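> File follows, entry-v2.cif with mmCIF, C-alpha atoms:
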```cif
data_coords
#
loop_
_atom_site.group_PDB
_atom_site.id
_atom_site.type_symbol
_atom_site.label_atom_id
_atom_site.label_comp_id
_atom_site.auth_asym_id
_atom_site.auth_seq_id
_atom_site.Cartn_x
_atom_site.Cartn_y
_atom_site.Cartn_z
ATOM 1 C CA MET A 291 -42.650 -69.597 -56.710
ATOM 2 C CA SER A 292 -42.745 -66.475 -54.586
ATOM 3 C CA THR A 293 -42.064 -63.178 -56.176
ATOM 4 C CA ASP A 294 -40.821 -60.096 -54.408
ATOM 5 C CA LEU A 295 -44.327 -58.586 -54.395
ATOM 6 C CA ASP A 296 -45.788 -61.765 -52.901
ATOM 7 C CA LEU A 297 -43.288 -61.540 -50.055
ATOM 8 C CA VAL A 298 -44.190 -57.911 -49.407
ATOM 9 C CA ASN A 299 -47.890 -58.788 -49.564
ATOM 10 C CA ASP A 300 -47.428 -61.610 -47.047
ATOM 11 C CA PHE A 301 -45.527 -59.246 -44.756
ATOM 12 C CA MET A 302 -48.282 -56.631 -45.005
ATOM 13 C CA HIS A 303 -51.002 -59.152 -44.156
ATOM 14 C CA ALA A 304 -49.095 -61.178 -41.573
ATOM 15 C CA GLU A 305 -51.135 -60.032 -38.585
ATOM 16 C CA GLU A 306 -54.862 -59.561 -38.168
ATOM 17 C CA VAL A 307 -56.187 -56.369 -36.639
ATOM 18 C CA SER A 308 -58.405 -56.868 -33.611
ATOM 19 C CA ALA A 309 -61.456 -54.696 -33.079
ATOM 20 C CA SER A 310 -60.074 -53.493 -29.745
ATOM 21 C CA GLU A 311 -56.998 -52.117 -31.510
ATOM 22 C CA LEU A 312 -59.216 -49.776 -33.462
ATOM 23 C CA LEU A 313 -61.082 -48.368 -30.448
ATOM 24 C CA ILE A 314 -58.657 -45.520 -29.872
ATOM 25 C CA ALA A 315 -58.529 -44.757 -33.596
ATOM 26 C CA ARG A 316 -62.309 -44.651 -33.743
ATOM 27 C CA SER A 317 -62.477 -42.357 -30.740
ATOM 28 C CA ILE A 318 -60.163 -39.855 -32.469
ATOM 29 C CA LEU A 319 -62.501 -39.733 -35.453
ATOM 30 C CA ASP A 320 -65.525 -39.494 -33.162
ATOM 31 C CA GLU A 321 -63.957 -36.511 -31.454
ATOM 32 C CA ALA A 322 -63.407 -34.785 -34.800
ATOM 33 C CA ILE A 323 -67.021 -35.430 -35.795
ATOM 34 C CA ALA A 324 -68.341 -34.311 -32.400
ATOM 35 C CA SER A 325 -66.229 -31.176 -32.566
ATOM 36 C CA GLU A 326 -67.739 -30.190 -35.913
ATOM 37 C CA ILE A 327 -71.270 -30.921 -34.737
ATOM 38 C CA GLU A 328 -70.594 -28.842 -31.650
ATOM 39 C CA GLU A 329 -69.327 -25.954 -33.769
ATOM 40 C CA ASP A 330 -72.577 -26.133 -35.667
ATOM 41 C CA GLY A 331 -74.395 -25.538 -32.376
ATOM 42 C CA LEU A 332 -75.668 -29.032 -31.652
ATOM 43 C CA ALA A 333 -75.224 -30.601 -28.233
ATOM 44 C CA VAL A 334 -72.995 -33.674 -28.216
ATOM 45 C CA PRO A 335 -72.968 -36.086 -25.284
ATOM 46 C CA LEU A 336 -69.608 -37.447 -24.158
ATOM 47 C CA ASP A 337 -69.793 -40.859 -25.762
ATOM 48 C CA ARG A 338 -68.126 -44.067 -24.746
ATOM 49 C CA ALA A 339 -65.454 -43.831 -27.398
ATOM 50 C CA SER A 340 -64.336 -40.452 -26.106
ATOM 51 C CA GLN A 341 -64.078 -41.874 -22.632
ATOM 52 C CA VAL A 342 -61.805 -44.609 -23.977
ATOM 53 C CA ARG A 343 -59.705 -41.950 -25.669
ATOM 54 C CA ASN A 344 -59.447 -39.898 -22.502
ATOM 55 C CA ARG A 345 -58.456 -42.942 -20.468
ATOM 56 C CA SER A 346 -55.831 -43.795 -23.046
ATOM 57 C CA SER A 347 -54.393 -40.284 -22.988
ATOM 58 C CA ARG A 348 -54.134 -40.387 -19.229
ATOM 59 C CA ARG A 349 -52.457 -43.798 -19.392
ATOM 60 C CA ARG A 350 -49.846 -42.516 -21.839
ATOM 61 C CA ILE A 351 -49.146 -39.407 -19.798
ATOM 62 C CA GLN A 352 -48.490 -41.613 -16.792
ATOM 63 C CA MET B 161 -82.070 -60.038 -52.159
ATOM 64 C CA GLY B 162 -80.840 -57.478 -54.630
ATOM 65 C CA ASP B 163 -77.497 -57.314 -56.336
ATOM 66 C CA PRO B 164 -75.089 -55.876 -53.755
ATOM 67 C CA GLU B 165 -73.137 -54.125 -56.512
ATOM 68 C CA GLN B 166 -76.265 -52.185 -57.411
ATOM 69 C CA THR B 167 -77.335 -51.334 -53.873
ATOM 70 C CA GLU B 168 -73.994 -50.669 -52.147
ATOM 71 C CA VAL B 169 -73.424 -47.067 -51.256
ATOM 72 C CA THR B 170 -70.034 -45.860 -52.481
ATOM 73 C CA ASP B 171 -67.441 -44.078 -50.363
ATOM 74 C CA ALA B 172 -68.062 -40.922 -52.367
ATOM 75 C CA GLN B 173 -71.784 -41.094 -51.602
ATOM 76 C CA GLN B 174 -71.026 -41.527 -47.899
ATOM 77 C CA ILE B 175 -68.674 -38.552 -47.985
ATOM 78 C CA GLU B 176 -71.325 -36.490 -49.747
ATOM 79 C CA ALA B 177 -73.896 -37.532 -47.123
ATOM 80 C CA SER B 178 -71.474 -36.548 -44.362
ATOM 81 C CA LEU B 179 -71.468 -32.955 -45.603
ATOM 82 C CA THR B 180 -74.927 -32.546 -44.070
ATOM 83 C CA ASN B 181 -74.786 -35.468 -41.626
ATOM 84 C CA PRO B 182 -71.218 -35.689 -40.232
ATOM 85 C CA ASP B 183 -71.899 -39.037 -38.545
ATOM 86 C CA ALA B 184 -72.216 -40.649 -41.981
ATOM 87 C CA PHE B 185 -68.438 -40.386 -42.317
ATOM 88 C CA ALA B 186 -68.025 -43.127 -39.692
ATOM 89 C CA SER B 187 -69.024 -45.724 -42.277
ATOM 90 C CA LEU B 188 -65.708 -45.079 -44.051
ATOM 91 C CA PHE B 189 -63.950 -46.014 -40.853
ATOM 92 C CA ASP B 190 -65.930 -49.250 -40.624
ATOM 93 C CA ARG B 191 -64.982 -50.116 -44.199
ATOM 94 C CA HIS B 192 -61.324 -49.186 -44.336
ATOM 95 C CA ALA B 193 -59.855 -48.834 -40.828
ATOM 96 C CA GLY B 194 -58.614 -52.434 -40.752
ATOM 97 C CA ALA B 195 -56.731 -52.118 -44.032
ATOM 98 C CA LEU B 196 -55.336 -48.736 -43.061
ATOM 99 C CA HIS B 197 -54.157 -50.140 -39.733
ATOM 100 C CA ARG B 198 -52.394 -53.021 -41.483
ATOM 101 C CA TYR B 199 -50.587 -50.501 -43.719
ATOM 102 C CA ILE B 200 -49.624 -48.074 -40.957
ATOM 103 C CA SER B 201 -48.671 -50.730 -38.405
ATOM 104 C CA LYS B 202 -46.041 -52.002 -40.832
ATOM 105 C CA ARG B 203 -44.457 -48.568 -40.947
ATOM 106 C CA VAL B 204 -44.563 -47.380 -37.322
ATOM 107 C CA ARG B 205 -44.600 -49.073 -33.942
ATOM 108 C CA ARG B 206 -47.909 -50.752 -33.192
ATOM 109 C CA PRO B 207 -49.073 -48.445 -30.337
ATOM 110 C CA ASP B 208 -48.416 -45.414 -32.561
ATOM 111 C CA ALA B 209 -50.357 -47.037 -35.392
ATOM 112 C CA GLU B 210 -53.660 -46.785 -33.514
ATOM 113 C CA ASP B 211 -53.256 -43.042 -33.088
ATOM 114 C CA LEU B 212 -52.161 -42.541 -36.686
ATOM 115 C CA VAL B 213 -55.148 -44.490 -38.041
ATOM 116 C CA GLY B 214 -57.435 -42.233 -36.010
ATOM 117 C CA GLU B 215 -55.551 -39.126 -37.105
ATOM 118 C CA ALA B 216 -55.784 -40.202 -40.748
ATOM 119 C CA PHE B 217 -59.561 -40.476 -40.518
ATOM 120 C CA ALA B 218 -59.821 -37.222 -38.552
ATOM 121 C CA VAL B 219 -57.745 -35.384 -41.192
ATOM 122 C CA ALA B 220 -59.852 -36.976 -43.938
ATOM 123 C CA PHE B 221 -63.051 -35.953 -42.171
ATOM 124 C CA ARG B 222 -61.937 -32.325 -41.773
ATOM 125 C CA SER B 223 -60.874 -32.106 -45.412
ATOM 126 C CA ARG B 224 -63.769 -34.073 -46.898
ATOM 127 C CA ARG B 225 -65.213 -31.004 -48.616
ATOM 128 C CA THR B 226 -62.250 -31.066 -50.990
ATOM 129 C CA TYR B 227 -62.780 -34.726 -51.930
ATOM 130 C CA GLY B 228 -63.444 -35.340 -55.624
ATOM 131 C CA LEU B 229 -66.855 -36.967 -55.494
ATOM 132 C CA SER B 230 -66.377 -38.410 -58.984
ATOM 133 C CA ARG B 231 -64.071 -41.019 -57.417
ATOM 134 C CA PRO B 232 -66.289 -43.683 -55.804
ATOM 135 C CA ASP B 233 -63.446 -45.450 -53.942
ATOM 136 C CA ALA B 234 -61.897 -43.277 -51.219
ATOM 137 C CA ARG B 235 -59.052 -45.667 -50.377
ATOM 138 C CA PRO B 236 -56.351 -43.926 -52.476
ATOM 139 C CA TRP B 237 -57.226 -40.643 -50.755
ATOM 140 C CA LEU B 238 -57.172 -42.235 -47.289
ATOM 141 C CA PHE B 239 -53.895 -44.091 -47.875
ATOM 142 C CA GLY B 240 -52.334 -40.911 -49.244
ATOM 143 C CA ILE B 241 -53.244 -39.080 -46.037
ATOM 144 C CA ALA B 242 -51.880 -42.005 -44.019
ATOM 145 C CA THR B 243 -48.593 -41.968 -45.955
ATOM 146 C CA ASN B 244 -48.132 -38.259 -45.227
ATOM 147 C CA LEU B 245 -48.844 -38.825 -41.545
ATOM 148 C CA VAL B 246 -46.302 -41.657 -41.384
ATOM 149 C CA ARG B 247 -43.643 -39.385 -42.877
ATOM 150 C CA HIS B 248 -44.565 -36.619 -40.472
ATOM 151 C CA HIS B 249 -44.363 -39.129 -37.632
ATOM 152 C CA TRP B 250 -40.792 -40.123 -38.504
ATOM 153 C CA ARG B 251 -39.767 -36.508 -39.020
ATOM 154 C CA SER B 252 -41.070 -35.776 -35.511
ATOM 155 C CA GLU B 253 -39.258 -38.830 -34.139
ATOM 156 C CA GLY B 254 -36.031 -37.632 -35.761
ATOM 157 C CA ARG B 255 -36.450 -34.160 -34.249
ATOM 158 C CA ARG B 256 -37.220 -35.652 -30.854
ATOM 159 C CA LEU B 257 -34.109 -37.828 -30.980
ATOM 160 C CA ARG B 258 -31.958 -34.877 -32.037
ATOM 161 C CA ARG B 259 -33.324 -32.843 -29.124
ATOM 162 C CA GLU B 260 -32.728 -35.672 -26.671
ATOM 163 C CA ARG B 261 -29.263 -36.270 -27.996
ATOM 164 C CA ALA B 262 -28.407 -32.591 -27.830
ATOM 165 C CA ALA B 263 -29.738 -32.375 -24.283
ATOM 166 C CA ALA B 264 -28.048 -35.496 -22.946
ATOM 167 C CA ALA B 265 -25.290 -36.191 -25.476
ATOM 168 C CA MET B 266 -26.918 -39.596 -25.888
ATOM 169 C CA VAL B 267 -25.501 -42.308 -28.047
ATOM 170 C CA ASP B 268 -28.229 -44.695 -29.164
ATOM 171 C CA ASP B 269 -29.140 -47.061 -31.970
ATOM 172 C CA TYR B 270 -30.235 -44.182 -34.170
ATOM 173 C CA GLY B 271 -26.838 -43.134 -35.436
ATOM 174 C CA ASP B 272 -28.389 -40.841 -38.043
ATOM 175 C CA PRO B 273 -31.603 -39.214 -36.728
ATOM 176 C CA SER B 274 -32.919 -38.182 -40.156
ATOM 177 C CA GLU B 275 -36.517 -39.142 -41.041
ATOM 178 C CA GLU B 276 -35.489 -41.965 -43.356
ATOM 179 C CA ALA B 277 -32.786 -43.335 -41.088
ATOM 180 C CA VAL B 278 -35.075 -43.420 -38.056
ATOM 181 C CA SER B 279 -37.831 -45.215 -39.947
ATOM 182 C CA ASN B 280 -35.254 -47.671 -41.277
ATOM 183 C CA VAL B 281 -34.255 -48.590 -37.732
ATOM 184 C CA PHE B 282 -37.919 -49.467 -37.140
ATOM 185 C CA PHE B 283 -37.824 -51.958 -40.019
ATOM 186 C CA GLN B 284 -34.513 -53.397 -38.869
ATOM 187 C CA ALA B 285 -36.163 -54.380 -35.585
ATOM 188 C CA HIS B 286 -38.213 -56.992 -37.470
ATOM 189 C CA ALA B 287 -36.878 -60.496 -37.687
ATOM 190 C CA GLU B 288 -38.176 -61.176 -41.196
ATOM 191 C CA PRO B 289 -35.629 -60.734 -44.005
ATOM 192 C CA ILE B 290 -38.291 -58.990 -46.093
ATOM 193 C CA ALA B 291 -38.799 -56.328 -43.398
ATOM 194 C CA ARG B 292 -35.081 -55.745 -43.082
ATOM 195 C CA ALA B 293 -34.792 -55.430 -46.844
ATOM 196 C CA LEU B 294 -37.733 -52.988 -46.970
ATOM 197 C CA GLY B 295 -35.975 -50.928 -44.309
ATOM 198 C CA GLN B 296 -33.071 -50.374 -46.649
ATOM 199 C CA LEU B 297 -35.196 -49.260 -49.590
ATOM 200 C CA ASP B 298 -35.349 -45.597 -50.539
ATOM 201 C CA ASP B 299 -38.554 -44.127 -49.106
ATOM 202 C CA VAL B 300 -39.899 -43.047 -52.505
ATOM 203 C CA TYR B 301 -39.732 -46.666 -53.651
ATOM 204 C CA LEU B 302 -41.068 -47.986 -50.357
ATOM 205 C CA ASP B 303 -44.279 -45.925 -50.553
ATOM 206 C CA VAL B 304 -45.105 -47.241 -54.016
ATOM 207 C CA LEU B 305 -44.139 -50.818 -53.256
ATOM 208 C CA LEU B 306 -46.226 -51.026 -50.082
ATOM 209 C CA LEU B 307 -49.286 -49.492 -51.741
ATOM 210 C CA VAL B 308 -49.120 -51.934 -54.642
ATOM 211 C CA ALA B 309 -48.359 -55.041 -52.581
ATOM 212 C CA GLY B 310 -50.491 -54.163 -49.524
ATOM 213 C CA PRO B 311 -53.942 -52.873 -50.511
ATOM 214 C CA GLY B 312 -53.263 -53.939 -54.096
ATOM 215 C CA PHE B 313 -53.541 -50.509 -55.676
ATOM 216 C CA SER B 314 -53.270 -50.017 -59.424
ATOM 217 C CA TYR B 315 -50.755 -47.549 -60.869
ATOM 218 C CA GLU B 316 -53.571 -44.999 -61.160
ATOM 219 C CA GLU B 317 -54.630 -45.456 -57.536
ATOM 220 C CA VAL B 318 -51.044 -45.071 -56.291
ATOM 221 C CA SER B 319 -50.786 -41.968 -58.460
ATOM 222 C CA VAL B 320 -53.841 -40.474 -56.711
ATOM 223 C CA ALA B 321 -52.625 -41.527 -53.266
ATOM 224 C CA LEU B 322 -49.149 -40.022 -53.597
ATOM 225 C CA GLY B 323 -49.964 -37.162 -55.965
ATOM 226 C CA ILE B 324 -47.390 -38.220 -58.547
ATOM 227 C CA PRO B 325 -47.778 -39.059 -62.263
ATOM 228 C CA VAL B 326 -48.591 -42.631 -63.289
ATOM 229 C CA GLY B 327 -45.295 -42.856 -65.193
ATOM 230 C CA THR B 328 -43.403 -42.004 -62.012
ATOM 231 C CA VAL B 329 -45.337 -44.704 -60.140
ATOM 232 C CA ARG B 330 -44.364 -47.234 -62.785
ATOM 233 C CA SER B 331 -40.674 -46.315 -62.762
ATOM 234 C CA ARG B 332 -40.462 -46.149 -58.954
ATOM 235 C CA LEU B 333 -42.111 -49.563 -58.663
ATOM 236 C CA SER B 334 -39.710 -51.030 -61.174
ATOM 237 C CA ARG B 335 -36.636 -49.534 -59.484
ATOM 238 C CA GLY B 336 -37.946 -50.392 -56.035
ATOM 239 C CA ARG B 337 -38.509 -54.017 -56.975
ATOM 240 C CA ARG B 338 -35.057 -54.239 -58.500
ATOM 241 C CA GLN B 339 -33.516 -52.748 -55.370
ATOM 242 C CA LEU B 340 -35.562 -55.115 -53.189
ATOM 243 C CA ARG B 341 -34.457 -58.171 -55.180
ATOM 244 C CA GLU B 342 -30.843 -57.120 -54.825
ATOM 245 C CA LEU B 343 -31.257 -56.627 -51.096
ATOM 246 C CA LEU B 344 -32.968 -59.975 -50.663
ATOM 247 C CA GLY B 345 -30.319 -61.603 -52.793
ATOM 248 C CA VAL B 346 -27.688 -60.241 -50.454
ATOM 249 C CA SER B 347 -29.575 -61.696 -47.484
ATOM 250 C CA GLY B 348 -29.750 -65.124 -49.095
ATOM 251 C CA GLN B 349 -33.224 -65.124 -50.722
ATOM 252 C CA TYR B 350 -33.697 -65.958 -54.359
ATOM 253 C CA LEU B 351 -36.857 -64.846 -56.057
ATOM 254 C CA ASP B 352 -37.478 -64.765 -59.770
ATOM 255 C CA GLU B 353 -34.275 -66.630 -60.385
ATOM 256 C CA GLN B 354 -33.633 -70.222 -59.504
ATOM 257 C CA SER B 355 -32.005 -70.738 -56.145
ATOM 258 C CA PRO B 356 -28.516 -72.200 -56.286
ATOM 259 C CA ALA B 357 -29.855 -75.000 -54.092
ATOM 260 C CA GLU B 358 -32.282 -75.929 -56.874
ATOM 261 C CA VAL B 359 -29.660 -75.911 -59.608
ATOM 262 C CA PRO B 360 -28.663 -79.529 -60.294
ATOM 263 C CA ILE B 361 -24.979 -79.932 -59.698
ATOM 264 C CA SER B 362 -23.260 -82.017 -62.277
ATOM 265 C CA THR B 363 -21.002 -84.710 -60.844
ATOM 266 C CA GLU B 364 -19.588 -85.572 -64.207
ATOM 267 C CA GLY B 365 -16.260 -84.173 -65.171
ATOM 268 C CA PRO B 366 -15.529 -82.620 -68.524
ATOM 269 C CA SER B 367 -15.621 -85.143 -71.312
#
```
Turn this file's structure into structure tokens for me.


Amino acid sequence: MSTDLDLVNDFMHAEEVSASELLIARSILDEAIASEIEEDGLAVPLDRASQVRNRSSRRRIQ
Amino acid sequence: MGDPEQTEVTDAQQIEASLTNPDAFASLFDRHAGALHRYISKRVRRPDAEDLVGEAFAVAFRSRRTYGLSRPDARPWLFGIATNLVRHHWRSEGRRLRRERAAAAMVDDYGDPSEEAVSNVFFQAHAEPIARALGQLDDVYLDVLLLVAGPGFSYEEVSVALGIPVGTVRSRLSRGRRQLRELLGVSGQYLDEQSPAEVPISTEGPS
């Protein structure tokens, strides 16, 4: 028999997370890491994740 | 092959490594981003969840020097950051709605634009009875309930995540579950008790 916690657990795990859904999230972390590296004086190339982030920002502004 | 339990690098070790090699922090994302997304996406709209997952890891990264390296599992810390961001998100939404309403005298679905009321409207948009019931829970109970039922945290882990004593976790979980059962009962779901449909109905009259 289901308990209340089982129902909540099922609700929390009802949908799988696709890798593409985490791209923007990853790019935000990458930016934070790149920013710190940059502050430490190391050159950081604009990586692909940051480009995704920038595209996403532009899309939302539009 | 060796025993994975002996060779696996802990979250704390990765955080320590990231102090000199910031890129090492990305391994925490690889390990926990999916679980964090599942947690956050049940509390805010899905497009906002992506940003909040990223923000949670960015906040964690910037504050990693304060992490207690004696704790090998970083999940309670990460989920605590995520919980704070979710609350901040709904506070911001409430402020935005108040501004919009003040500017345009709008009447919308958000009758009460307080943080808790706005987040509750989010839950009410779900079709599942459990989501609607969760939306009516007090937020202090909701945090504890979702951390126990979602990532399966122990009382101690919830205590670390929310920065509250273990005894408070225990009492909030108990009260939250009671409130949830009552709410689900109202909406026609029967949990620990037998459903009326399962109770055999006697057709015999009194003897």

> Need the axis-aligned box for segment 321-332 of chain B with 3 Å each side, so what are the centre and edges in Å to one decimal, as AutoDock Vina command-line options?


```
--center_x -46.5 --center_y -42.2 --center_z -59.2 --size_x 18.2 --size_y 16.1 --size_z 17.9
```

> Mind listing as a list in words which residues of chain A are within 6 Å of chain B, counting all atoms listed in the file?

Thr293, Leu295, Val298, Asn299, Met302, Ala315, Arg316, Ile318, Leu319 and Ala322 of chain A

> Might you pull out every residue within 12 Å of Thr180 of chain B, with all atoms listed in the file counted and same-chain residues fewer than 3 positions away left off, and present them as a ChimeraX atom specification?

/A:323,326-327,330 /B:173-177,183-185,224-225

> Quick check on the file I pasted: which residues fall under the PyMOL selection byres ((chain B and resi 321) around 6)? Write them as a PyMOL selection string.

chain B and resi 236-237+240+318-320+322-323

> Starting from the shown file, work through the PyMOL selection byres ((chain B and resi 315) around 7) and note down what comes out as a list in words.

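Taken over the shown coordinates, the PyMOL selection byres ((chain B and resi 315) around 7) returns Phe313, Ser314, Glu316, Glu317, Val318, Ser319, Val326, Val329 and Arg330 of chain B.
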
> Would you export the selected residues with C-alpha atoms as an mmCIF file, in the coordinates of the input, please?


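Done, and the output landed in out_27.cif:
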```cif
data_model
loop_
_atom_site.group_PDB
_atom_site.id
_atom_site.type_symbol
_atom_site.label_atom_id
_atom_site.label_comp_id
_atom_site.auth_asym_id
_atom_site.auth_seq_id
_atom_site.Cartn_x
_atom_site.Cartn_y
_atom_site.Cartn_z
ATOM 1 C CA PHE B 313 -53.541 -50.509 -55.676
ATOM 2 C CA SER B 314 -53.270 -50.017 -59.424
ATOM 3 C CA GLU B 316 -53.571 -44.999 -61.160
ATOM 4 C CA GLU B 317 -54.630 -45.456 -57.536
ATOM 5 C CA VAL B 318 -51.044 -45.071 -56.291
ATOM 6 C CA SER B 319 -50.786 -41.968 -58.460
ATOM 7 C CA VAL B 326 -48.591 -42.631 -63.289
ATOM 8 C CA VAL B 329 -45.337 -44.704 -60.140
ATOM 9 C CA ARG B 330 -44.364 -47.234 -62.785
#
```

> What does the structure give for the distance between atom CA of Glu168 of chain B and atom CA of Glu321 of chain A, in Å to one decimal?

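Separating atom CA of Glu168 of chain B from atom CA of Glu321 of chain A is a distance of 27.0 Å.
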
> Measure the distance from atom CA of Asp298 of chain B to atom CA of Gly336 of chain B in Å and round it to one decimal.

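These atoms are spaced 7.7 Å apart.
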
> What gap, in Å, lies between atom CA of Gln339 of chain B and atom CA of Thr243 of chain B?

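If I compute the distance from atom CA of Gln339 of chain B to atom CA of Thr243 of chain B, I get 20.8 Å.
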
> Please determine, counting only C-alpha atoms, which residue among A:Glu305, A:Asp296, A:Glu311, A:Glu329 has the shortest atom-to-atom distance to Asp208 of chain B.

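Closest to Asp208 of chain B, using only C-alpha atoms: A:Glu311.
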
> Counting only C-alpha atoms, which residue out of B:Leu188, B:Val204, B:Glu253, B:Asp171 sits closest to Arg231 of chain B?

B:Asp171
